[in-house]
Structure formats: structure tokens, C-alpha cells
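Content type mmCIF, C-alpha atoms (C1' of nucleotides), from the file start.cif:
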data_my_file
#
loop_
_atom_site.label_atom_id
_atom_site.label_comp_id
_atom_site.auth_asym_id
_atom_site.auth_seq_id
_atom_site.Cartn_x
_atom_site.Cartn_y
_atom_site.Cartn_z
CA MET A 57 106.23 121.71 94.73
CA LYS A 58 103.94 124.69 95.37
CA ASP A 59 102.97 123.23 98.73
CA LEU A 60 106.59 122.66 99.69
CA GLU A 61 107.62 126.16 98.67
CA GLN A 62 104.88 127.56 100.83
CA VAL A 63 105.48 125.47 103.93
CA LEU A 64 109.27 125.90 103.74
CA ASP A 65 109.01 129.56 102.73
CA LEU A 66 111.60 128.98 100.03
CA ARG A 67 111.70 129.95 96.38
CA PRO A 68 111.99 127.21 93.73
CA GLY A 69 115.68 127.99 93.14
CA SER A 70 116.68 126.99 96.66
CA ILE A 71 114.90 123.69 96.45
CA TYR A 72 116.40 122.87 93.07
CA ALA A 73 119.86 123.85 94.34
CA ALA A 74 119.46 121.37 97.17
CA PHE A 75 117.83 118.45 95.38
CA GLY A 76 118.52 118.90 91.68
CA SER A 77 115.10 117.97 90.45
CA LYS A 78 111.60 117.11 91.54
CA ASP A 79 112.41 113.42 91.12
CA GLY A 80 115.63 113.81 93.11
CA LEU A 81 113.73 115.42 95.95
CA PHE A 82 111.11 112.71 95.82
CA ALA A 83 113.73 109.98 95.84
CA SER A 84 115.31 111.52 98.94
CA ALA A 85 111.94 111.67 100.63
CA LEU A 86 111.28 108.03 99.71
CA ASP A 87 114.56 106.88 101.21
CA ARG A 88 114.01 108.86 104.37
CA TYR A 89 110.51 107.48 104.66
CA ALA A 90 111.79 103.92 104.38
CA GLU A 91 114.56 104.58 106.89
CA THR A 92 112.31 105.98 109.59
CA GLY A 93 109.85 103.17 109.00
CA ALA A 94 112.51 100.53 109.57
CA ALA A 95 113.81 102.42 112.61
CA ARG A 96 110.36 102.45 114.16
CA LEU A 97 110.03 98.71 113.67
CA ALA A 98 113.43 98.15 115.32
CA GLU A 99 112.31 100.23 118.27
CA LEU A 100 109.13 98.19 118.60
CA ARG A 101 111.14 94.98 118.55
CA ASP A 102 113.22 96.13 121.52
CA GLN A 103 110.07 97.01 123.41
CA HIS A 104 107.86 94.05 122.58
CA GLY A 105 110.05 91.31 121.10
CA PRO A 106 109.80 90.09 117.51
CA LEU A 107 106.19 88.89 117.36
CA GLY A 108 105.03 91.65 119.68
CA ALA A 109 106.65 94.19 117.39
CA LEU A 110 104.76 92.92 114.37
CA LYS A 111 101.52 93.05 116.28
CA ALA A 112 102.21 96.47 117.77
CA HIS A 113 103.21 97.76 114.35
CA ALA A 114 99.91 96.65 112.83
CA MET A 115 97.91 98.14 115.67
CA ALA A 116 99.84 101.41 115.55
CA LEU A 117 98.83 101.89 111.92
CA ALA A 118 95.17 101.97 112.87
CA ASP A 119 95.75 104.81 115.34
CA ASP A 120 98.14 106.78 113.15
CA PRO A 121 96.79 110.32 112.81
CA ALA A 122 98.91 111.01 109.70
CA PRO A 123 96.96 112.58 106.85
CA ALA A 124 98.01 109.85 104.39
CA ARG A 125 97.45 106.49 106.01
CA ALA A 126 98.51 104.38 103.05
CA CYS A 127 102.20 103.58 102.61
CA MET A 128 104.19 106.10 100.58
CA LEU A 129 106.20 103.26 99.04
CA VAL A 130 103.05 101.53 97.85
CA LYS A 131 101.50 104.73 96.56
CA THR A 132 104.67 105.39 94.59
CA LEU A 133 104.76 101.84 93.28
CA LEU A 134 101.18 102.18 92.06
CA GLU A 135 101.42 105.60 90.47
CA ALA A 136 104.97 106.41 89.43
CA PRO A 137 105.81 105.78 85.78
CA GLU A 138 108.34 103.07 85.05
CA GLY A 139 111.75 104.43 85.92
CA PRO A 140 114.21 104.94 88.77
CA VAL A 141 111.64 106.37 91.18
CA ARG A 142 109.33 103.41 90.87
CA ASP A 143 112.27 101.03 91.07
CA ALA A 144 113.42 102.71 94.28
CA ALA A 145 109.97 102.23 95.76
CA ALA A 146 110.00 98.53 94.83
CA ALA A 147 113.49 98.12 96.27
CA ASN A 148 112.51 99.76 99.54
CA LEU A 149 109.46 97.53 99.79
CA ARG A 150 111.69 94.53 99.32
CA SER A 151 113.99 95.57 102.14
CA MET A 152 110.97 96.15 104.37
CA GLU A 153 109.93 92.63 103.53
CA THR A 154 113.29 91.28 104.63
CA VAL A 155 112.92 93.16 107.91
CA PHE A 156 109.59 91.39 108.42
CA ALA A 157 111.26 88.10 107.50
CA SER A 158 113.97 88.46 110.11
CA LEU A 159 111.39 89.34 112.74
CA PHE A 160 109.50 86.15 111.88
CA ARG A 161 112.76 84.19 112.02
CA GLU A 162 113.53 85.69 115.41
CA ALA A 163 110.03 84.92 116.62
CA GLN A 164 110.51 81.36 115.48
CA ALA A 165 113.83 81.04 117.29
CA ALA A 166 112.16 82.37 120.42
CA GLY A 167 109.41 79.78 120.08
CA GLU A 168 106.74 82.43 119.54
CA ILE A 169 105.60 80.81 116.31
CA ALA A 170 105.70 77.21 115.14
CA ALA A 171 108.84 75.91 113.44
CA HIS A 172 107.15 74.60 110.33
CA HIS A 173 106.45 78.01 108.84
CA ASP A 174 108.65 79.54 106.17
CA PRO A 175 109.61 83.03 107.46
CA ASP A 176 110.01 84.40 103.93
CA ARG A 177 106.53 83.30 103.00
CA LEU A 178 105.15 84.73 106.22
CA ALA A 179 106.90 88.00 105.50
CA ARG A 180 105.58 88.20 101.96
CA ARG A 181 102.07 87.51 103.13
CA HIS A 182 102.29 89.87 106.08
CA GLN A 183 103.53 92.74 103.97
CA SER A 184 100.65 92.16 101.60
CA ASP A 185 98.27 92.18 104.56
CA ILE A 186 99.74 95.41 105.89
CA THR A 187 99.48 96.96 102.45
CA GLY A 188 95.82 96.01 102.30
CA LEU A 189 95.22 97.34 105.78
CA ARG A 190 96.88 100.65 105.08
CA ALA A 191 94.98 101.15 101.85
CA THR A 192 91.74 100.29 103.62
CA LEU A 193 92.52 102.89 106.29
CA GLU A 194 91.90 105.53 103.65
CA ARG A 195 88.27 104.52 103.49
CA PRO A 196 86.13 106.60 105.82
CA ASP A 197 83.53 103.85 106.23
CA VAL A 198 85.69 101.04 107.57
CA ASP A 199 86.51 100.26 111.20
CA ALA A 200 90.30 100.58 111.10
CA THR A 201 90.96 99.16 114.55
CA ALA A 202 88.83 96.10 113.92
CA LEU A 203 90.72 95.24 110.76
CA ALA A 204 94.12 95.85 112.35
CA THR A 205 93.12 93.70 115.31
CA GLU A 206 92.16 90.87 113.00
CA ILE A 207 95.56 90.98 111.33
CA ALA A 208 97.41 91.22 114.64
CA ASP A 209 95.39 88.36 116.09
CA GLY A 210 96.12 86.32 113.00
CA LEU A 211 99.80 86.44 113.92
CA ASP A 212 99.01 84.66 117.18
CA THR A 213 97.52 81.71 115.32
CA LEU A 214 100.98 80.90 113.95
CA ARG A 215 101.91 79.35 117.28
CA MET B 103 93.77 113.03 78.13
CA LYS B 104 96.54 113.13 75.53
CA ASP B 105 96.69 109.34 75.55
CA LEU B 106 92.95 109.03 75.14
CA GLU B 107 92.85 111.56 72.29
CA GLN B 108 95.50 109.57 70.52
CA VAL B 109 94.01 106.11 70.98
CA LEU B 110 90.48 107.30 70.17
CA ASP B 111 91.67 109.58 67.36
CA LEU B 112 89.43 112.33 68.67
CA ARG B 113 90.09 115.98 69.35
CA PRO B 114 89.55 117.37 72.89
CA GLY B 115 86.26 119.02 71.92
CA SER B 116 84.58 115.70 71.15
CA ILE B 117 85.60 114.21 74.46
CA TYR B 118 84.46 117.23 76.42
CA ALA B 119 81.16 117.26 74.52
CA ALA B 120 80.59 113.66 75.59
CA PHE B 121 81.78 113.74 79.18
CA GLY B 122 81.73 117.37 80.25
CA SER B 123 84.99 117.34 82.13
CA LYS B 124 88.01 115.26 82.90
CA ASP B 125 86.49 114.34 86.24
CA GLY B 126 83.20 113.43 84.59
CA LEU B 127 84.98 111.12 82.21
CA PHE B 128 86.94 109.59 85.05
CA ALA B 129 83.81 109.06 87.12
CA SER B 130 82.17 107.24 84.19
CA ALA B 131 85.24 105.05 83.80
CA LEU B 132 85.20 104.29 87.53
CA ASP B 133 81.57 103.22 87.47
CA ARG B 134 82.09 101.07 84.41
CA TYR B 135 85.13 99.49 86.01
CA ALA B 136 83.17 98.62 89.14
CA GLU B 137 80.28 97.24 87.09
CA THR B 138 82.38 94.90 85.01
CA GLY B 139 84.24 93.78 88.11
CA ALA B 140 81.01 92.81 89.84
CA ALA B 141 79.74 91.12 86.68
CA ARG B 142 82.85 88.99 86.46
CA LEU B 143 82.41 87.88 90.06
CA ALA B 144 78.79 86.93 89.38
CA GLU B 145 79.91 84.87 86.42
CA LEU B 146 82.48 83.07 88.54
CA ARG B 147 79.85 82.30 91.15
CA ASP B 148 77.68 80.57 88.58
CA GLN B 149 80.63 78.52 87.43
CA HIS B 150 82.25 77.61 90.75
CA GLY B 151 79.75 78.33 93.50
CA PRO B 152 80.22 81.02 96.16
CA LEU B 153 83.48 79.90 97.80
CA GLY B 154 84.88 78.67 94.51
CA ALA B 155 84.17 82.06 92.98
CA LEU B 156 86.14 83.84 95.68
CA LYS B 157 89.06 81.47 95.19
CA ALA B 158 88.91 81.66 91.39
CA HIS B 159 88.71 85.43 91.57
CA ALA B 160 91.87 85.63 93.68
CA MET B 161 93.73 83.25 91.40
CA ALA B 162 92.60 85.06 88.26
CA LEU B 163 94.20 88.26 89.54
CA ALA B 164 97.61 86.65 89.56
CA ASP B 165 97.33 85.69 85.90
CA ASP B 166 95.76 88.91 84.73
CA PRO B 167 97.88 90.31 81.91
CA ALA B 168 96.43 93.84 82.31
CA PRO B 169 99.05 96.59 82.41
CA ALA B 170 97.78 97.94 85.74
CA ARG B 171 97.35 95.05 88.13
CA ALA B 172 96.28 97.09 91.14
CA CYS B 173 92.62 97.98 91.52
CA MET B 174 91.52 101.21 89.87
CA LEU B 175 89.18 101.92 92.77
CA VAL B 176 92.02 101.61 95.27
CA LYS B 177 94.39 103.69 93.19
CA THR B 178 91.74 106.39 92.99
CA LEU B 179 91.07 106.19 96.71
CA LEU B 180 94.76 106.63 97.44
CA GLU B 181 95.53 109.46 95.04
CA ALA B 182 92.41 111.46 94.26
CA PRO B 183 91.97 114.65 96.26
CA GLU B 184 89.04 114.77 98.66
CA GLY B 185 85.92 115.29 96.60
CA PRO B 186 83.26 113.50 94.58
CA VAL B 187 85.70 111.33 92.62
CA ARG B 188 87.33 109.94 95.73
CA ASP B 189 83.94 109.48 97.34
CA ALA B 190 82.75 107.52 94.31
CA ALA B 191 85.78 105.26 94.59
CA ALA B 192 85.07 104.64 98.28
CA ALA B 193 81.40 103.95 97.56
CA ASN B 194 82.25 101.47 94.82
CA LEU B 195 84.67 99.71 97.14
CA ARG B 196 81.93 99.43 99.69
CA SER B 197 79.55 97.82 97.24
CA MET B 198 82.27 95.39 96.19
CA GLU B 199 82.62 94.53 99.85
CA THR B 200 78.94 93.76 100.12
CA VAL B 201 79.25 91.48 97.08
CA PHE B 202 81.99 89.61 98.92
CA ALA B 203 79.80 89.49 102.00
CA SER B 204 76.89 87.90 100.18
CA LEU B 205 79.22 85.33 98.64
CA PHE B 206 80.45 84.44 102.12
CA ARG B 207 76.87 84.25 103.36
CA GLU B 208 75.96 82.00 100.47
CA ALA B 209 79.00 79.82 101.13
CA GLN B 210 77.93 79.56 104.73
CA ALA B 211 74.39 78.54 103.79
CA ALA B 212 75.86 75.91 101.50
CA GLY B 213 77.99 74.61 104.33
CA GLU B 214 81.22 75.52 102.56
CA ILE B 215 82.42 77.52 105.55
CA ALA B 216 81.69 77.18 109.25
CA ALA B 217 78.63 78.87 110.69
CA HIS B 218 80.42 80.76 113.45
CA HIS B 219 82.05 83.28 111.11
CA ASP B 220 80.63 86.75 110.57
CA PRO B 221 80.27 87.18 106.79
CA ASP B 222 80.68 90.95 107.02
CA ARG B 223 83.94 90.58 108.88
CA LEU B 224 85.13 87.98 106.42
CA ALA B 225 84.26 90.29 103.55
CA ARG B 226 86.08 93.24 105.05
CA ARG B 227 89.16 91.15 105.68
CA HIS B 228 89.04 89.50 102.28
CA GLN B 229 88.77 92.80 100.45
CA SER B 230 91.75 94.05 102.38
CA ASP B 231 93.66 90.90 101.43
CA ILE B 232 92.74 91.31 97.77
CA THR B 233 93.81 94.93 97.89
CA GLY B 234 97.17 93.90 99.31
CA LEU B 235 97.54 91.17 96.71
CA ARG B 236 96.76 93.45 93.81
CA ALA B 237 99.16 96.13 95.02
CA THR B 238 101.86 93.51 95.50
CA LEU B 239 101.30 92.32 91.94
CA GLU B 240 102.84 95.57 90.79
CA ARG B 241 106.16 94.52 92.27
CA PRO B 242 108.34 92.79 89.71
CA ASP B 243 110.20 90.77 92.35
CA VAL B 244 107.31 88.94 93.99
CA ASP B 245 105.84 85.60 93.00
CA ALA B 246 102.26 86.62 92.25
CA THR B 247 100.82 83.13 91.95
CA ALA B 248 102.31 82.02 95.25
CA LEU B 249 100.73 84.93 97.09
CA ALA B 250 97.37 84.49 95.38
CA THR B 251 97.44 80.79 96.19
CA GLU B 252 98.08 81.51 99.84
CA ILE B 253 95.06 83.79 99.98
CA ALA B 254 92.85 81.33 98.09
CA ASP B 255 93.97 78.46 100.31
CA GLY B 256 93.25 80.58 103.36
CA LEU B 257 89.60 80.61 102.35
CA ASP B 258 89.51 76.84 102.65
CA THR B 259 90.57 77.00 106.28
CA LEU B 260 87.23 78.64 107.11
CA ARG B 261 85.51 75.27 106.89
"C1'" DC C 56 65.25 115.88 48.59
"C1'" DA C 57 65.73 119.67 52.13
"C1'" DC C 58 66.16 120.14 56.94
"C1'" DT C 59 67.10 119.41 61.66
"C1'" DT C 60 69.93 117.32 65.01
"C1'" DT C 61 74.14 115.35 66.49
"C1'" DC C 62 78.99 114.84 66.23
"C1'" DT C 63 83.61 116.49 65.19
"C1'" DT C 64 87.12 119.67 64.24
"C1'" DG C 65 90.81 123.36 64.33
"C1'" DA C 66 92.41 126.82 66.63
"C1'" DG C 67 92.60 128.75 70.28
"C1'" DT C 68 92.78 130.25 75.76
"C1'" DA C 69 94.46 131.01 80.54
"C1'" DA C 70 96.65 128.62 84.09
"C1'" DT C 71 99.98 125.71 85.88
"C1'" DC C 72 103.98 122.78 85.40
"C1'" DG C 73 109.12 121.73 86.27
"C1'" DT C 74 113.09 124.28 85.77
"C1'" DT C 75 116.96 127.83 85.13
"C1'" DC C 76 120.11 131.52 86.36
"C1'" DA C 77 122.33 135.95 87.21
"C1'" DA C 78 122.61 138.68 91.05
"C1'" DG C 79 122.13 139.59 95.97
"C1'" DA C 80 122.42 138.04 101.07
"C1'" DA C 81 124.23 135.40 104.60
"C1'" DT C 82 127.77 132.56 106.50
"C1'" DA C 83 132.61 130.66 107.06
"C1'" DA C 84 137.52 130.91 106.55
"C1'" DT C 85 141.77 133.45 106.42
"C1'" DA D 75 138.24 143.03 107.75
"C1'" DT D 76 138.62 140.85 103.51
"C1'" DT D 77 137.92 137.14 100.90
"C1'" DA D 78 135.83 132.80 99.61
"C1'" DT D 79 131.92 129.93 99.87
"C1'" DT D 80 127.32 128.74 100.41
"C1'" DC D 81 122.52 129.85 100.29
"C1'" DT D 82 118.63 132.42 98.59
"C1'" DT D 83 116.05 135.25 95.60
"C1'" DG D 84 113.25 137.38 91.77
"C1'" DA D 85 112.12 136.95 87.42
"C1'" DA D 86 111.79 134.62 84.08
"C1'" DC D 87 111.58 130.19 80.35
"C1'" DG D 88 109.16 126.73 77.39
"C1'" DA D 89 106.15 122.99 77.87
"C1'" DT D 90 102.04 121.07 79.28
"C1'" DT D 91 97.57 121.29 81.40
"C1'" DA D 92 92.30 121.29 81.34
"C1'" DC D 93 89.16 123.38 78.67
"C1'" DT D 94 86.24 126.35 75.10
"C1'" DC D 95 83.77 127.48 70.93
"C1'" DA D 96 82.47 128.90 66.32
"C1'" DA D 97 82.21 126.56 62.18
"C1'" DG D 98 82.13 122.40 59.37
"C1'" DA D 99 80.85 117.29 58.58
"C1'" DA D 100 77.84 113.43 59.23
"C1'" DA D 101 73.71 111.20 60.41
"C1'" DG D 102 68.96 110.86 61.03
"C1'" DT D 103 64.05 112.46 59.73
"C1'" DG D 104 59.93 113.69 56.98
#

This structure in C-alpha cells:
Amino acid sequence: MKDLEQVLDLRPGSIYAAFGSKDGLFASALDRYAETGAARLAELRDQHGPLGALKAHAMALADDPAPARACMLVKTLLEAPEGPVRDAAAANLRSMETVFASLFREAQAAGEIAAHHDPDRLARRHQSDITGLRATLERPDVDATALATEIADGLDTLR
Amino acid sequence: MKDLEQVLDLRPGSIYAAFGSKDGLFASALDRYAETGAARLAELRDQHGPLGALKAHAMALADDPAPARACMLVKTLLEAPEGPVRDAAAANLRSMETVFASLFREAQAAGEIAAHHDPDRLARRHQSDITGLRATLERPDVDATALATEIADGLDTLR
DNA sequence: CACTTTCTTGAGTAATCGTTCAAGAATAAT
DNA sequence: ATTATTCTTGAACGATTACTCAAGAAAGTG
């Protein structure tokens, strides 16, 4: 809260008038974070097609200059106490997973990956992979691009 | 600290006399956590061989009844402010990675996986996968065993 | 046994936390 | 221009935080 007050140049009262509570503010931030994430994926799909979007998305993470490389939803899931905030994080992760699933389904329809795969399973696994990648990006001693490339290349083996 | 005081039935002074500071206590806990983790992997190797240990380790995570399923080292890496504590988490993760690497090397020598793989790359990727798995375990709506099985089975495809 | 060392306690401290609210300032509507 | 509404502020609040220390209790030693 201190950091926000400083960067917004606002006193606590204003922030509480707008968001009600610290948790309310955080919940809003979570939702916005999830929204923009999904929007970026949709954009990538239009540019590169379904499978290309998944690959581009993974590669983009490695080059992301954002201070926190790990996913805000995951960080919240791991650290928030049981309650509405943590539940919201889990729910947003689930809807991200369904976005991945429909990209895999689309890729399958387009013949980019083999028909025998279950898109829901692929999505679950891919989200886990992305979560691992993004956590690993926080380590200063790991080659981010190499790891992202491995994951992106793995998607090509689903042909 | 409150929780610890309660469960240990000790007053703050005793804890500070023993560990110096909250960070000192946390650093000790981190080291112990990493030690016992490595010890468990060594035990699994003696029981199941190198590749079997990696598979058993992944599967054991899914059944772990511990309250926090995600890795303490990863949680620390993601949330601790820059400083010695976070550095210790990163260093412990690195040494876990080298344990994975030597298991892969051993598996390779035993002919359990093909010779053309780079054990260090395998280790890096596997640790990322495990990190993703363990974070995903915190989600109440995901089939933990299914995901762990997928990762364990993936190790067999390295033949 | 007395005595030294180690461990533990009770009672504190100063700083920070999330939060509130009456009153003032700025903006919009009539 | 006056009123009604929204936004912002300054100054606080009780609770919690990490931490300290002199004094007492327990354990080990000769």
C-alpha cells in the first residue's frame, strides 16, 4: 500500500474510497491481470494461428522485461491465505487453462497437431509447463530463452 | 512467528536467542528443507535406480498430504525481497538441479535413457516441470495424480 | 554441594500495518 | 452562480509486527 500511495501520489483515504479494502484492490488487480493476459493471447492467435500463438506466448515470456516474471495468479495461489482472493486466483487460472484448451482444439482442427491428443490434457500440462517456466525465470542463474525454446519446441512434437 | 511461538510453546526471546533473527530462522529452515529433500531423493535412488527415483519422486508429490504442496524454495524465490534469503533459495534450487542432473547422467550410463540427451538440459527442464507440477497441486480443481503421471511417463520417452 | 553456563521468561519497545472519517477541494449539474 | 456530487486530504485509530533485555529457572560441572 505504501508503494502504491507513493507512485499514485494519493493518500490512503482515496484508495480506500475507490477500492474498499486492500483485498478489494488486490482482487481488482488480479482480474485485470487475467484479462490483459487473455487479451494478449488472443492477439497472438490472430497473428500466428493457434499453435503459433502458444509458441510465441512461451517465447515472449523469456524476453519479458517485467520486474516480476512469475505469474501473479500463481504467486497469489501459492501465498494467499484460504479465502476469496485465493479462490479468485484459482478461478482465473482455470479460465486461462480453458483458453489454452481451445487453442489446442483449434490447432487440432487446423491439422497443426495430431488428432489423438486430448486438448484438455494438453492444456493442463502446458499450463503447468508455463508455470514452471515462469517460476524458473526468477532464477538469475538459468538460461531463460533456452528453457522457453525447449517448451515451445515441445509443442511441435505433437504433430 | 506467532504460529511458531504457539506450537513450540516458547516466548519470542527464546527463539531470537536461538536463531538471531526472523531471517536467520528462515534461512535455517530453508537449508534443512533442501537437505531433507535431497536425502529423500537419494533414498529413492537406492530403491528404484536413477530413472525410477525421478519417476517415484514425481509421483510421490501428487500423494503428499503436506499442507503446502508447492516447493518452499520456489515460494521463497518468488516472494522474498532481493537479498540473502532469496539468494539462498536460488542456490538451493541450483543444487537440487545438479542432483537431478547426476540422476539423469546415471540413468544414461545405465542405458535407461538414450545417450544423445544432455543431462544438464534434462535436469533444467525436469526441475521446471516439477516446479509447475507442485504449483499446480495447490489448485483444488486439478487432478494431481494425472498431471504427475504425465510427467513421470514423459521420462520414459527418453529411452 | 556450590557454582558456572545455558535456556527461558515477562514485560516491554518502536515501527509498521490496514483502515476510518470529518472536513476541504475539485468537478458536474441546474 | 448556486447547488449537488464526487474526489481528496490530514490526522488520526487500534492492532500487529520484529525485536530486546534484565531477571529468573534449569541443566551441567567439579

- prompt: Using all atoms listed in the file, which residues sit within 9 Å of region 62-64 of chain C once same-chain residues fewer than 4 positions away are excluded, as a list in words?
  reply: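 Skipping anything fewer than 4 positions along the chain leaves Leu112, Arg113, Gly115, Ser116 and Ala119 of chain B; DA97, DG98, DA99, DA100 and DA101 of chain D.
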
task: Restrict the distance test to all atoms listed in the file, flag each residue of chain C within 9 Å of chain A, and return the flagged residues as a PyMOL selection string.
output: chain C and resi 73-76

All residues 8 Å or closer to region 180-188 of chain B, only C-alpha atoms (C1' of nucleotides), same chain fewer than 3 positions away omitted, as an mmCIF file with C-alpha atoms, keeping the file's coordinate frame:
data_model
loop_
_atom_site.group_PDB
_atom_site.id
_atom_site.type_symbol
_atom_site.label_atom_id
_atom_site.label_comp_id
_atom_site.auth_asym_id
_atom_site.auth_seq_id
_atom_site.Cartn_x
_atom_site.Cartn_y
_atom_site.Cartn_z
ATOM 1 C CA ALA A 126 98.510 104.380 103.050
ATOM 2 C CA LYS A 131 101.500 104.730 96.560
ATOM 3 C CA ALA A 191 94.980 101.150 101.850
ATOM 4 C CA GLU A 194 91.900 105.530 103.650
ATOM 5 C CA ASP B 125 86.490 114.340 86.240
ATOM 6 C CA PHE B 128 86.940 109.590 85.050
ATOM 7 C CA ALA B 129 83.810 109.060 87.120
ATOM 8 C CA VAL B 176 92.020 101.610 95.270
ATOM 9 C CA LYS B 177 94.390 103.690 93.190
ATOM 10 C CA ALA B 191 85.780 105.260 94.590
ATOM 11 C CA ALA B 192 85.070 104.640 98.280
#

Considering all atoms listed in the file, return as a PDB file with C-alpha atoms, keeping the file's coordinate frame whatever protein or nucleic-acid residues lie within 10 Å of Leu235 (chain B), sequence-local ones (same chain, fewer than 3 positions apart) excluded.
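Output saved as result.pdb:
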ATOM      1  CA  ARG A 181     102.070  87.510 103.130  1.00  0.00           C
ATOM      2  CA  GLN A 183     103.530  92.740 103.970  1.00  0.00           C
ATOM      3  CA  SER A 184     100.650  92.160 101.600  1.00  0.00           C
ATOM      4  CA  ASP A 185      98.270  92.180 104.560  1.00  0.00           C
ATOM      5  CA  THR A 187      99.480  96.960 102.450  1.00  0.00           C
ATOM      6  CA  GLY A 188      95.820  96.010 102.300  1.00  0.00           C
TER       7      GLY A 188
ATOM      8  CA  ALA B 160      91.870  85.630  93.680  1.00  0.00           C
ATOM      9  CA  LEU B 163      94.200  88.260  89.540  1.00  0.00           C
ATOM     10  CA  ALA B 164      97.610  86.650  89.560  1.00  0.00           C
ATOM     11  CA  ARG B 171      97.350  95.050  88.130  1.00  0.00           C
ATOM     12  CA  ALA B 172      96.280  97.090  91.140  1.00  0.00           C
ATOM     13  CA  CYS B 173      92.620  97.980  91.520  1.00  0.00           C
ATOM     14  CA  GLN B 229      88.770  92.800 100.450  1.00  0.00           C
ATOM     15  CA  SER B 230      91.750  94.050 102.380  1.00  0.00           C
ATOM     16  CA  ASP B 231      93.660  90.900 101.430  1.00  0.00           C
ATOM     17  CA  ILE B 232      92.740  91.310  97.770  1.00  0.00           C
ATOM     18  CA  THR B 238     101.860  93.510  95.500  1.00  0.00           C
ATOM     19  CA  LEU B 239     101.300  92.320  91.940  1.00  0.00           C
ATOM     20  CA  GLU B 240     102.840  95.570  90.790  1.00  0.00           C
ATOM     21  CA  ALA B 246     102.260  86.620  92.250  1.00  0.00           C
ATOM     22  CA  THR B 247     100.820  83.130  91.950  1.00  0.00           C
ATOM     23  CA  LEU B 249     100.730  84.930  97.090  1.00  0.00           C
ATOM     24  CA  ALA B 250      97.370  84.490  95.380  1.00  0.00           C
ATOM     25  CA  ILE B 253      95.060  83.790  99.980  1.00  0.00           C
TER      26      ILE B 253
END

- prompt: Quick one: residues within 9 Å of Ala190 (chain B), all atoms listed in the file counted, chain neighbours fewer than 6 positions away excluded, as an MDAnalysis selection string?
  reply: chainID B and resid 129 132:133 175 179

Next, write the just-selected residues to a file, as a PDB file, in the frame of the given file, keeping C-alpha atoms as the atom set.
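Saved as out.pdb:
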ATOM      1  CA  ALA B 129      83.810 109.060  87.120  1.00  0.00           C
ATOM      2  CA  LEU B 132      85.200 104.290  87.530  1.00  0.00           C
ATOM      3  CA  ASP B 133      81.570 103.220  87.470  1.00  0.00           C
ATOM      4  CA  LEU B 175      89.180 101.920  92.770  1.00  0.00           C
ATOM      5  CA  LEU B 179      91.070 106.190  96.710  1.00  0.00           C
TER       6      LEU B 179
END

message: Neighbouring residues of Ala109 (chain A) were defined as those with any atom within 9 Å, considering all atoms listed in the file; residues of the same chain fewer than 5 positions away were excluded. Please report them as a PyMOL selection string.
response: chain A and resi 97-104+114+159

- prompt: Restricting the calculation to all atoms listed in the file, which member of C:DT61, C:DC56, C:DA77, C:DA66 is positioned closest to DA85 (chain D)?
  reply: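 Ranked by minimum distance to DA85 (chain D), first place goes to C:DA77.
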
query: Mind pulling up the distance from CA of His218 (chain B) to CA of Leu211 (chain A)?
result: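 Those two atoms sit 20.2 Å apart.
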
query: When you draw a straight line from CA of Glu168 (chain A) to CA of Arg215 (chain A), how long is it in Å?
result: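 According to the coordinates, CA of Glu168 (chain A) and CA of Arg215 (chain A) are separated by 6.2 Å.
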
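For the pair CA of Tyr89 (chain A) and CA of Ala124 (chain A), the separation is 12.7 Å.
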
- prompt: Expanded to explicit residues, what is the PyMOL selection byres ((chain D) within 10 of (chain B)) for this file, as a VMD selection string?
  reply: chain D and resid 91 to 95

field: Pick from B:Glu107, B:Asp189, B:Ala212, B:Leu260 nearest to chain A, counting all atoms listed in the file
entry: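 Closest residue, counting all atoms listed in the file: B:Asp189.
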